[in-house]
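Take a look at the structure below.
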Amino acid sequence: MYSKLGSADRVWYVGVLRMILLRLSLCALASIFLSAGLLPCAGAQTHSASGQHKKDKLMAMHAKGSFDVKSTPLPADDATTGTSIGRVALDKQFHGDLDAASKGEMLGAGNPATGTAGYVAMEQVTGTLHGKSGSFALEHKGTLEGGKFEPNVTVVPGSGTGELTGIAGDMTITIAAGKHSYSFDYTLPAAP
């Protein structure tokens with residue numbers, strides 16, 4: 001059949017074959033990496049000995065409590081010198097369902113005195129969560145506009161260690177009368 005095609009059709013045919021081979025190669029590589037546990041996937045699927053796919057079972061949990069935070073201004077670094085971006089070291093102690101300490105760094109800009117600002121932060125939390133020991137990282141992004149504070153705090157995928165390996169979730173922070181509290185909806189893989 002190939003020999004009966006004109007030159008333009010041959011170019012198209014070879015292109016289609018290359019695309020098919022590339023897709024097959026990528027699928028084969030992805031399958032190899034997945035089966036070796038080297039490539040995470042959104043569905044958290046695993047392979048059983050019989051070759052059947054199964055979804056990991058997740059336990060949905062809720063934690064709440066309070067936390068104390070100590071923030072220490074840091075000097076500008078090479079990336080922030082000459083800008084309005086401020087750096088702050090974070091040192092927290094969580095109480096309640098999450099009994100842990102954390103350290104991190106925050107970058108902020110804007111003018112909180114006028115009710116407008118934004119921040120991003122990363123922190124490493126180490127301790128126990130509902131009795132399970134380990135650590136995980138939290139990623140923050142927040143805005144202050146019109147005096148309304150709207151933080152978004154999410155567990156960094158793949159950051160869980162120890163008994164908190166596989167943790168995912170979102171934390172809500174509330175600041176009222178100068179007191180900090182958290183509400184944490186999270187999932188952990190169910191024990192086998």
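Residue numbers start at 1 in each chain; chains themselves are named A, B, ... in the order of the structure tokens; ligands are numbered from 1 in the order shown.
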Pull the closest atom pair for each residue of stretch 80-127 of chain A that gets at most 7 Å from stretch 131-144 of chain A, along with the distance in Å to one decimal, counting only C-alpha atoms, ordering rows by chain and then ascending residue number, as a tab-separated table.
residue	atom	partner	partner_atom	distance
A:Gly115	CA	A:Leu144	CA	6.1
A:Thr116	CA	A:Leu144	CA	4.9
A:Ala117	CA	A:Leu144	CA	4.9
A:Gly118	CA	A:Thr143	CA	4.3
A:Tyr119	CA	A:Gly142	CA	5.3
A:Val120	CA	A:Lys141	CA	4.5
A:Ala121	CA	A:His140	CA	4.8
A:Met122	CA	A:Glu139	CA	4.8
A:Glu123	CA	A:Leu138	CA	5.3
A:Gln124	CA	A:Ala137	CA	4.4
A:Val125	CA	A:Ser135	CA	5.4
A:Thr126	CA	A:Ser135	CA	4.2
A:Gly127	CA	A:Ser133	CA	5.7
field: Distance query stretch 60-74 of chain A at most 6 Å, only C-alpha atoms, self and fewer than 2 positions along chain excluded, as a list in words
entry: Arg87, Val88, Ala89, Leu90, Asp91, Lys92, Gln93, Phe94, His95, Gly96, Asp97, His180, Ser181, Tyr182, Ser183, Phe184, Asp185, Tyr186 and Thr187 of chain A
Expected file: the selected residues, C-alpha atoms, as a PDB file, in the first residue's frame:
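Once everything was written out, this is selection33.pdb:
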ATOM      1  CA  ARG A  87      10.416  38.717  53.916  1.00  0.00           C
ATOM      2  CA  VAL A  88       9.350  37.221  57.233  1.00  0.00           C
ATOM      3  CA  ALA A  89      10.477  34.066  59.073  1.00  0.00           C
ATOM      4  CA  LEU A  90       7.593  32.052  60.546  1.00  0.00           C
ATOM      5  CA  ASP A  91       7.769  29.956  63.707  1.00  0.00           C
ATOM      6  CA  LYS A  92       4.445  28.344  64.718  1.00  0.00           C
ATOM      7  CA  GLN A  93       3.160  26.026  67.405  1.00  0.00           C
ATOM      8  CA  PHE A  94      -0.104  24.195  66.590  1.00  0.00           C
ATOM      9  CA  HIS A  95      -2.448  22.979  69.343  1.00  0.00           C
ATOM     10  CA  GLY A  96      -5.506  20.717  69.199  1.00  0.00           C
ATOM     11  CA  ASP A  97      -5.898  17.867  66.710  1.00  0.00           C
ATOM     12  CA  HIS A 180      -5.257  32.306  65.409  1.00  0.00           C
ATOM     13  CA  SER A 181      -7.215  29.122  64.786  1.00  0.00           C
ATOM     14  CA  TYR A 182      -7.275  26.498  62.033  1.00  0.00           C
ATOM     15  CA  SER A 183      -9.741  24.115  60.472  1.00  0.00           C
ATOM     16  CA  PHE A 184      -8.028  21.397  58.426  1.00  0.00           C
ATOM     17  CA  ASP A 185      -9.825  19.069  55.991  1.00  0.00           C
ATOM     18  CA  TYR A 186      -7.413  16.384  54.847  1.00  0.00           C
ATOM     19  CA  THR A 187      -7.145  12.877  53.450  1.00  0.00           C
TER      20      THR A 187
END
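For the set A:Glu105, A:Pro189, A:Thr154, A:Thr161, the residue with the smallest atom-to-atom gap to A:Ile173 is A:Thr154, counting only C-alpha atoms.
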- prompt: Using only C-alpha atoms, which residues sit within 12 Å of A:Ala76 once same-chain residues fewer than 5 positions away are excluded, as a ChimeraX atom specification?
  reply: /A:81-89,107-108
